[in-house]
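What's in target_8.cif: mmCIF, C-alpha atoms and all ligand atoms
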```cif
data_target
loop_
_atom_site.label_atom_id
_atom_site.label_comp_id
_atom_site.auth_asym_id
_atom_site.auth_seq_id
_atom_site.Cartn_x
_atom_site.Cartn_y
_atom_site.Cartn_z
CA GLN A 1 0.00 0.00 0.00
CA PRO A 2 1.27 3.49 -0.77
CA GLU A 3 1.90 5.38 2.46
CA SER A 4 -0.75 8.01 1.84
CA GLN A 5 -3.53 5.55 1.13
CA ALA A 6 -6.25 5.01 3.71
CA VAL A 7 -6.59 1.30 4.46
CA LEU A 8 -9.58 1.90 6.73
CA SER A 9 -12.00 4.74 6.13
CA ALA A 10 -15.40 5.69 7.43
CA ARG A 11 -17.77 8.26 5.98
CA GLY A 12 -20.76 9.83 7.74
CA LEU A 13 -20.65 7.33 10.57
CA ARG A 14 -23.62 7.56 12.92
CA ARG A 15 -24.87 5.46 15.79
CA ASP A 16 -28.10 5.99 17.68
CA PHE A 17 -29.02 4.28 20.95
CA GLY A 18 -32.77 4.75 21.04
CA ALA A 19 -33.38 8.50 20.88
CA PHE A 20 -29.77 9.29 21.80
CA THR A 21 -27.17 9.85 19.06
CA ALA A 22 -23.82 8.70 20.44
CA VAL A 23 -21.85 9.28 17.19
CA ARG A 24 -22.71 11.46 14.19
CA ASP A 25 -21.10 12.53 10.91
CA VAL A 26 -17.78 10.91 11.69
CA ASP A 27 -15.29 10.66 8.80
CA ILE A 28 -12.02 8.92 9.56
CA ASP A 29 -9.08 7.75 7.44
CA VAL A 30 -6.53 5.36 8.93
CA ARG A 31 -3.45 5.09 6.74
CA HIS A 32 -0.83 2.44 6.18
CA ALA A 33 2.36 2.85 8.25
CA GLU A 34 0.70 5.36 10.56
CA VAL A 35 -0.38 5.40 14.21
CA HIS A 36 -3.69 7.21 14.44
CA ALA A 37 -5.10 8.28 17.80
CA LEU A 38 -8.74 8.65 18.69
CA ILE A 39 -9.00 10.97 21.68
CA GLY A 40 -11.63 13.02 23.47
CA PRO A 41 -13.19 13.57 26.88
CA ASN A 42 -15.19 10.82 28.63
CA GLY A 43 -18.43 10.06 26.83
CA ALA A 44 -17.17 11.61 23.56
CA GLY A 45 -17.97 8.42 21.62
CA LYS A 46 -14.50 6.86 21.26
CA THR A 47 -15.55 3.36 22.30
CA THR A 48 -18.63 3.55 20.09
CA VAL A 49 -16.52 4.54 17.05
CA PHE A 50 -14.05 1.77 17.89
CA ASN A 51 -16.89 -0.78 18.05
CA LEU A 52 -18.42 0.54 14.82
CA LEU A 53 -15.12 0.26 12.94
CA THR A 54 -14.53 -3.30 14.17
CA LYS A 55 -18.18 -4.10 13.34
CA PHE A 56 -19.04 -5.08 16.92
CA LEU A 57 -21.74 -2.41 16.56
CA GLN A 58 -23.77 -1.84 13.42
CA PRO A 59 -23.82 1.82 12.26
CA THR A 60 -27.20 3.57 12.07
CA ALA A 61 -25.88 5.41 9.01
CA GLY A 62 -22.66 5.84 7.09
CA SER A 63 -20.20 3.51 5.41
CA ILE A 64 -16.90 1.82 6.20
CA MET A 65 -14.28 0.68 3.69
CA LEU A 66 -11.40 -1.70 4.43
CA MET A 67 -8.68 -1.87 1.77
CA GLY A 68 -11.11 -0.91 -0.97
CA GLN A 69 -13.92 -3.21 0.13
CA ASP A 70 -17.19 -2.05 1.64
CA ILE A 71 -17.47 -3.68 5.09
CA THR A 72 -20.45 -1.66 6.31
CA ARG A 73 -22.55 -4.84 6.55
CA THR A 74 -19.76 -7.37 7.13
CA PRO A 75 -19.75 -9.29 10.45
CA PRO A 76 -16.79 -8.87 12.85
CA ASP A 77 -15.30 -12.35 12.39
CA LYS A 78 -15.16 -11.79 8.64
CA VAL A 79 -13.50 -8.35 8.90
CA ALA A 80 -10.97 -9.91 11.29
CA ARG A 81 -10.12 -12.49 8.61
CA MET A 82 -9.84 -9.62 6.10
CA GLY A 83 -7.11 -8.11 8.26
CA LEU A 84 -8.87 -5.71 10.66
CA VAL A 85 -7.95 -6.99 14.12
CA ARG A 86 -8.68 -5.50 17.52
CA SER A 87 -6.77 -6.36 20.63
CA PHE A 88 -8.90 -8.06 23.24
CA GLN A 89 -6.96 -7.04 26.30
CA ILE A 90 -5.59 -9.56 28.76
CA SER A 91 -8.70 -11.72 28.73
CA ALA A 92 -7.37 -13.11 25.42
CA VAL A 93 -4.31 -14.59 27.16
CA PHE A 94 -4.56 -18.14 28.56
CA PRO A 95 -3.09 -17.85 32.08
CA HIS A 96 -2.23 -21.54 32.51
CA LEU A 97 -0.36 -21.82 29.22
CA SER A 98 3.25 -20.79 28.77
CA VAL A 99 4.10 -17.63 26.85
CA LEU A 100 5.30 -19.78 23.93
CA ASP A 101 2.13 -21.89 23.91
CA ASN A 102 -0.06 -18.80 23.98
CA VAL A 103 1.65 -17.59 20.81
CA ARG A 104 1.44 -21.06 19.21
CA VAL A 105 -2.29 -21.23 19.89
CA ALA A 106 -2.73 -17.76 18.41
CA LEU A 107 -0.71 -18.66 15.31
CA GLN A 108 -2.90 -21.70 14.74
CA ARG A 109 -5.91 -19.42 14.51
CA ASN A 110 -4.26 -17.87 11.47
CA ASN A 111 -5.36 -19.85 8.40
CA HIS A 112 -2.00 -19.57 6.67
CA LEU A 113 -0.08 -21.09 9.55
CA SER A 114 -2.60 -23.54 10.91
CA TYR A 115 -1.12 -26.87 11.98
CA GLN A 116 -3.32 -29.96 11.90
CA PHE A 117 -2.32 -33.42 13.05
CA TRP A 118 -2.47 -34.88 9.53
CA GLN A 119 0.06 -32.35 8.28
CA PRO A 120 3.72 -33.30 8.10
CA LEU A 121 6.04 -32.61 11.01
CA SER A 122 7.63 -29.85 8.96
CA ALA A 123 4.42 -27.82 9.44
CA LEU A 124 4.79 -28.15 13.22
CA ASN A 125 8.42 -27.12 12.97
CA ARG A 126 7.39 -24.12 10.89
CA LEU A 127 4.80 -23.20 13.52
CA ASN A 128 7.45 -23.37 16.24
CA GLU A 129 9.81 -21.21 14.20
CA GLN A 130 7.06 -18.64 13.62
CA ALA A 131 6.28 -18.62 17.35
CA GLU A 132 9.91 -18.08 18.30
CA ALA A 133 10.27 -15.33 15.69
CA LEU A 134 7.17 -13.56 16.96
CA LEU A 135 8.35 -13.79 20.58
CA ALA A 136 11.73 -12.38 19.55
CA SER A 137 10.09 -9.51 17.64
CA VAL A 138 8.18 -8.40 20.74
CA GLY A 139 11.06 -9.08 23.15
CA LEU A 140 9.48 -11.98 25.04
CA THR A 141 12.07 -14.67 24.30
CA ARG A 142 13.45 -14.70 27.85
CA GLU A 143 9.98 -15.36 29.27
CA ARG A 144 9.02 -17.98 26.67
CA ASN A 145 8.62 -20.82 29.23
CA ALA A 146 6.95 -18.77 31.96
CA LEU A 147 3.26 -19.23 32.62
CA ALA A 148 1.29 -16.30 31.29
CA ALA A 149 -0.28 -15.95 34.75
CA ASP A 150 3.15 -15.24 36.25
CA LEU A 151 3.94 -12.29 33.96
CA SER A 152 3.69 -8.71 35.18
CA TYR A 153 0.74 -6.66 33.94
CA GLY A 154 2.85 -4.90 31.32
CA ARG A 155 4.41 -8.12 30.03
CA LYS A 156 0.94 -9.68 29.78
CA ARG A 157 -0.08 -6.81 27.54
CA VAL A 158 3.00 -7.37 25.39
CA LEU A 159 2.00 -11.05 25.11
CA GLU A 160 -1.56 -10.06 24.29
CA ILE A 161 -0.35 -7.80 21.47
CA ALA A 162 1.88 -10.65 20.25
CA THR A 163 -1.16 -12.96 20.04
CA THR A 164 -2.97 -10.25 18.08
CA LEU A 165 -0.01 -9.93 15.69
CA ALA A 166 -0.15 -13.70 15.15
CA LEU A 167 -3.31 -13.04 13.12
CA ASP A 168 -1.19 -10.94 10.74
CA PRO A 169 -3.42 -7.82 10.79
CA LYS A 170 -3.28 -5.12 8.13
CA VAL A 171 -5.05 -2.73 10.50
CA LEU A 172 -4.62 -3.07 14.25
CA LEU A 173 -7.11 -1.41 16.61
CA LEU A 174 -6.01 -0.94 20.20
CA ASP A 175 -8.30 0.27 22.97
CA GLU A 176 -6.16 2.08 25.55
CA PRO A 177 -3.17 -0.24 25.24
CA MET A 178 -1.27 1.54 28.03
CA ALA A 179 -4.13 1.71 30.54
CA GLY A 180 -3.03 0.90 34.09
CA MET A 181 0.68 0.70 33.21
CA GLY A 182 3.78 2.11 34.81
CA GLN A 183 6.21 4.32 32.90
CA GLU A 184 8.57 1.51 31.95
CA ASP A 185 5.83 -0.68 30.48
CA ILE A 186 4.38 2.33 28.65
CA GLY A 187 7.76 2.79 26.97
CA THR A 188 7.92 -0.88 26.00
CA ILE A 189 4.42 -0.88 24.52
CA ALA A 190 5.09 2.42 22.71
CA ASN A 191 8.19 0.94 21.07
CA LEU A 192 6.25 -2.16 20.13
CA ILE A 193 3.41 -0.15 18.56
CA ARG A 194 5.94 2.00 16.67
CA GLU A 195 7.56 -1.16 15.28
CA VAL A 196 4.20 -2.75 14.42
CA ALA A 197 3.07 0.38 12.56
CA LYS A 198 6.03 0.27 10.18
CA THR A 199 4.20 -2.36 8.15
CA ARG A 200 0.59 -1.84 9.25
CA ALA A 201 -1.98 0.76 10.10
CA VAL A 202 -2.71 1.28 13.81
CA LEU A 203 -5.68 3.07 15.35
CA MET A 204 -5.64 3.51 19.11
CA VAL A 205 -7.97 5.00 21.67
CA GLU A 206 -5.69 6.72 24.16
CA HIS A 207 -6.16 8.96 27.19
CA ASN A 208 -2.53 9.75 27.86
CA LEU A 209 -1.77 12.82 25.72
CA SER A 210 1.99 12.57 26.14
CA VAL A 211 1.78 9.06 24.64
CA VAL A 212 -0.26 10.47 21.75
CA ALA A 213 2.23 13.31 21.21
CA ASP A 214 5.11 10.85 21.21
CA LEU A 215 3.62 8.07 19.11
CA CYS A 216 0.82 9.19 16.82
CA GLN A 217 1.17 10.82 13.40
CA HIS A 218 -2.51 11.60 13.15
CA VAL A 219 -5.07 12.55 15.79
CA THR A 220 -8.86 12.63 15.62
CA VAL A 221 -10.56 14.45 18.50
CA LEU A 222 -14.14 13.57 19.34
CA GLN A 223 -16.51 15.58 21.48
CA ARG A 224 -20.16 14.71 22.12
CA GLY A 225 -20.12 12.20 19.29
CA GLU A 226 -18.73 14.55 16.66
CA ILE A 227 -15.29 15.30 15.28
CA LEU A 228 -13.98 18.42 16.99
CA ALA A 229 -10.59 18.54 15.28
CA GLU A 230 -8.15 16.38 13.38
CA GLY A 231 -4.64 16.53 12.04
CA ASP A 232 -1.14 16.05 13.44
CA TYR A 233 -0.71 16.36 17.20
CA ASP A 234 0.83 19.85 17.14
CA THR A 235 -1.98 21.29 15.04
CA VAL A 236 -4.69 19.61 17.07
CA SER A 237 -3.20 20.45 20.46
CA ARG A 238 -2.96 24.14 19.53
CA ASP A 239 -6.61 24.24 18.46
CA PRO A 240 -8.44 26.44 21.01
CA ARG A 241 -11.57 24.28 20.78
CA VAL A 242 -9.56 21.22 21.76
CA ARG A 243 -7.99 23.11 24.66
CA THR A 244 -11.40 24.18 25.87
CA ALA A 245 -12.80 20.65 25.54
CA TYR A 246 -9.96 19.23 27.62
CA MET A 247 -9.96 21.97 30.24
CA GLY A 248 -13.73 21.72 30.56
CA THR A 249 -13.57 18.15 31.89
P1 LIG B 1 -16.08 7.27 25.29
O1 LIG B 1 -15.51 5.94 24.90
O2 LIG B 1 -15.51 8.41 24.52
O3 LIG B 1 -16.00 7.54 26.76
P2 LIG B 1 -18.63 6.06 24.58
O4 LIG B 1 -18.52 5.72 23.13
O5 LIG B 1 -18.43 4.94 25.56
O6 LIG B 1 -17.65 7.27 24.92
O7 LIG B 1 -20.05 6.68 24.86
C1 LIG B 1 -20.56 7.78 24.13
C2 LIG B 1 -21.96 8.07 24.60
O8 LIG B 1 -22.83 7.03 24.19
C3 LIG B 1 -22.08 8.15 26.11
O9 LIG B 1 -23.00 9.20 26.42
C4 LIG B 1 -22.65 6.81 26.49
O10 LIG B 1 -23.44 6.90 27.65
C5 LIG B 1 -23.50 6.46 25.28
N1 LIG B 1 -23.59 5.02 25.06
C6 LIG B 1 -22.57 4.19 24.75
N2 LIG B 1 -23.00 2.92 24.59
C7 LIG B 1 -24.34 2.96 24.82
C8 LIG B 1 -25.38 1.95 24.82
N3 LIG B 1 -25.12 0.67 24.53
N4 LIG B 1 -26.63 2.36 25.10
C9 LIG B 1 -26.91 3.65 25.38
N5 LIG B 1 -25.99 4.63 25.39
C10 LIG B 1 -24.72 4.30 25.12
#
```

With the file now loaded, output its structure as structure tokens.
Amino acid sequence: QPESQAVLSARGLRRDFGAFTAVRDVDIDVRHAEVHALIGPNGAGKTTVFNLLTKFLQPTAGSIMLMGQDITRTPPDKVARMGLVRSFQISAVFPHLSVLDNVRVALQRNNHLSYQFWQPLSALNRLNEQAEALLASVGLTRERNALAADLSYGRKRVLEIATTLALDPKVLLLDEPMAGMGQEDIGTIANLIREVAKTRAVLMVEHNLSVVADLCQHVTVLQRGEILAEGDYDTVSRDPRVRTAYMGT
């Protein structure tokens, strides 16, 4: 994909809950090799937009395109197989499996790498190689034999992102990936997201504005269900309406 091309775009996105409109007129373009932040005060509609884009919620109006295909009516499992993958937080990690086995299980969910018992041993060896390579790429090799349950909170999140990467996403959606983390873990996850975004598009909901400033090339600010501002962080953070929205909460 050319760098400037949007791999995920929404036009005129709207979601009503009964008489209440949680999201209206939202246009968003998430581009290849870019980390895009979705920010805004509590209740702005970030989670709703996130769920609309991943198809966990059906839009009341508007359209969504993924890599040139209209996914407005496509169910979430299908868009995941098309390459739009959301991280599921730590609940996706199996606590009683080792770090390595967690990654192996995740890789087997990926059609291209699936190992079945009737396949030759070389397929199993390939799976193991893929698992080791993935662990190395996220810096978890040292903990490969540890039980997932015994990892620190931050390392669990790294493992959880690794299991998401096993699905080979083209677009990765992360809902507050640094929530509840200390400074060191935030740095680790930031580096990981930066690395991941070199070959993918990443959209993240994030509260921590210093993380956004440091990591994100593009920012969309929501307020009361509508886009208040968008652009690069410097432009958006200087916007007086954005300042007012953030000081007002
Ligand atoms: P944010 O993630 O920015 O905090 P949300 O997307 O969670 O905002 O919520 C936006 C608005 O939509 C809020 O006013 C919230 O109460 C409302 N909302 C979200 N989900 C529902 C729902 N399932 N039913 C009714 N209202 C909802």

> By how many Å are atom CA of Ala80 of chain A and atom CA of Ala6 of chain A apart?
Replying inline: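 So the two atoms, atom CA of Ala80 of chain A and atom CA of Ala6 of chain A, lie 17.4 Å apart.
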
> Which residue out of A:Ser137, A:Gln217, A:Ser152, A:Thr164 has the minimum interatomic distance to Gly180 of chain A when all atoms listed in the file are used?
Replying inline: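 Residue with the minimum atom-to-atom distance to Gly180 of chain A: A:Ser152.
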
> Within 9 Å of ligand LIG 1 (chain B), counting all atoms listed in the file, which protein or nucleic acid residues do you find, written as a VMD selection string?
Replying inline: chain A and resid 15 to 18 20 to 23 38 to 51 205 222 to 225

Taking 6 positions as the minimum chain separation for residues in the same chain, which residues sit within 9 Å of Val196 of chain A when counting all atoms listed in the file? Answer as a PDB file with C-alpha atoms, in the coordinates of the input.
```pdb
ATOM      1  CA  ALA A  33       2.360   2.850   8.250  1.00  0.00           C
ATOM      2  CA  LEU A 165      -0.010  -9.930  15.690  1.00  0.00           C
ATOM      3  CA  LEU A 172      -4.620  -3.070  14.250  1.00  0.00           C
ATOM      4  CA  VAL A 202      -2.710   1.280  13.810  1.00  0.00           C
TER       5      VAL A 202
END
```

>> Every residue with an atom at most 12 Å from (12.6, -20.7, 18.7) (file coordinates; all atoms listed in the file) is what I'm after, so could you write them as JSON, numbers by chain?
In response: {"A": [100, 101, 103, 104, 125, 126, 127, 128, 129, 130, 131, 132, 133, 134, 135, 136, 137, 140, 141, 142, 144, 145]}

Could the residues in this selection be written to a file with C-alpha atoms, as a JSON list (two decimals), keeping the file's coordinate frame?
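File produced: out_11.json:
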```json
[["chain", "number", "residue", "atom", "x", "y", "z"],
["A", 100, "LEU", "CA", 5.30, -19.78, 23.93],
["A", 101, "ASP", "CA", 2.13, -21.89, 23.91],
["A", 103, "VAL", "CA", 1.65, -17.59, 20.81],
["A", 104, "ARG", "CA", 1.44, -21.06, 19.21],
["A", 125, "ASN", "CA", 8.42, -27.12, 12.97],
["A", 126, "ARG", "CA", 7.39, -24.12, 10.89],
["A", 127, "LEU", "CA", 4.80, -23.20, 13.52],
["A", 128, "ASN", "CA", 7.45, -23.37, 16.24],
["A", 129, "GLU", "CA", 9.81, -21.21, 14.20],
["A", 130, "GLN", "CA", 7.06, -18.64, 13.62],
["A", 131, "ALA", "CA", 6.28, -18.62, 17.35],
["A", 132, "GLU", "CA", 9.91, -18.08, 18.30],
["A", 133, "ALA", "CA", 10.27, -15.33, 15.69],
["A", 134, "LEU", "CA", 7.17, -13.56, 16.96],
["A", 135, "LEU", "CA", 8.35, -13.79, 20.58],
["A", 136, "ALA", "CA", 11.73, -12.38, 19.55],
["A", 137, "SER", "CA", 10.09, -9.51, 17.64],
["A", 140, "LEU", "CA", 9.48, -11.98, 25.04],
["A", 141, "THR", "CA", 12.07, -14.67, 24.30],
["A", 142, "ARG", "CA", 13.45, -14.70, 27.85],
["A", 144, "ARG", "CA", 9.02, -17.98, 26.67],
["A", 145, "ASN", "CA", 8.62, -20.82, 29.23]]
```

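If you count all atoms listed in the file and ignore residues fewer than 5 places along the chain from Asp25 of chain A, what sits within 9 Å of it is Arg11, Gly12, Leu13, Arg14, Ala61, Gly62, Gly225, Glu226 and Ile227 of chain A.
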
>> Please compute the atom CA of Ala148 of chain A-atom CA of Gly187 of chain A distance, one decimal, in Å.
In response: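 Atom CA of Ala148 of chain A sits 20.6 Å away from atom CA of Gly187 of chain A.
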
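Atom CA of Ala179 of chain A sits 15.2 Å away from atom CA of Leu159 of chain A.
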
> Of the candidates A:Val79, A:Val221, A:Ala146, A:Met67, which shows the shortest atom-to-atom distance to Asn102 of chain A, using only C-alpha atoms?
Replying inline: A:Ala146

> In terms of the shortest atom-to-atom distance over all atoms listed in the file, which of A:Ala19, A:Thr72, A:Ala229, A:Ser210 is closest to Gln58 of chain A?
Replying inline: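 Among the listed residues, the smallest separation from Gln58 of chain A belongs to A:Thr72.
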
>> List as a list in words the protein and nucleic acid residues near Ala37 of chain A, meaning an atom at most 7 Å away when only C-alpha atoms are counted, but skip any in the same chain fewer than 6 places from it.
In response: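 In the requested form, the answer reads Leu203, Met204, Val205, Glu206, Val212, Cys216, His218, Val219 and Thr220 of chain A.
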
Just the selected residues (C-alpha atoms), exported as a PDB file, keeping the file's coordinate frame, please.
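The resulting file, again14.pdb, is shown below:
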```
ATOM      1  CA  LEU A 203      -5.680   3.070  15.350  1.00  0.00           C
ATOM      2  CA  MET A 204      -5.640   3.510  19.110  1.00  0.00           C
ATOM      3  CA  VAL A 205      -7.970   5.000  21.670  1.00  0.00           C
ATOM      4  CA  GLU A 206      -5.690   6.720  24.160  1.00  0.00           C
ATOM      5  CA  VAL A 212      -0.260  10.470  21.750  1.00  0.00           C
ATOM      6  CA  CYS A 216       0.820   9.190  16.820  1.00  0.00           C
ATOM      7  CA  HIS A 218      -2.510  11.600  13.150  1.00  0.00           C
ATOM      8  CA  VAL A 219      -5.070  12.550  15.790  1.00  0.00           C
ATOM      9  CA  THR A 220      -8.860  12.630  15.620  1.00  0.00           C
TER      10      THR A 220
END
```

> Of the candidates A:Thr60, A:Thr235, A:Ser87, A:Thr163, which shows the shortest atom-to-atom distance to Leu107 of chain A, using all atoms listed in the file?
Replying inline: A:Thr163

> Restricting the calculation to all atoms listed in the file, which member of A:Ala92, A:Leu151, A:Val158, A:Leu66 is positioned closest to Ala190 of chain A?
Replying inline: A:Val158

> Given the choices A:Leu167, A:Ala10, A:Ala213, A:Ile189, which gets closest to Leu53 of chain A if the distance is worked out from all atoms listed in the file?
Replying inline: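 The answer is A:Ala10, which sits nearest to Leu53 of chain A.
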
>> What's around Gln69 of chain A at 12 Å? Count only C-alpha atoms, leave out sequence neighbours fewer than 5 positions away in its own chain, and write the answer as a ChimeraX atom specification.
In response: /A:6-10,63-64,74,79,82-84

> Skipping near chain neighbours, those fewer than 3 positions away, what residues fall within 10 Å of Met178 of chain A using only C-alpha atoms, listed as a ChimeraX atom specification?
Replying inline: /A:154,157,174-175,181-183,185-190,205-208,211
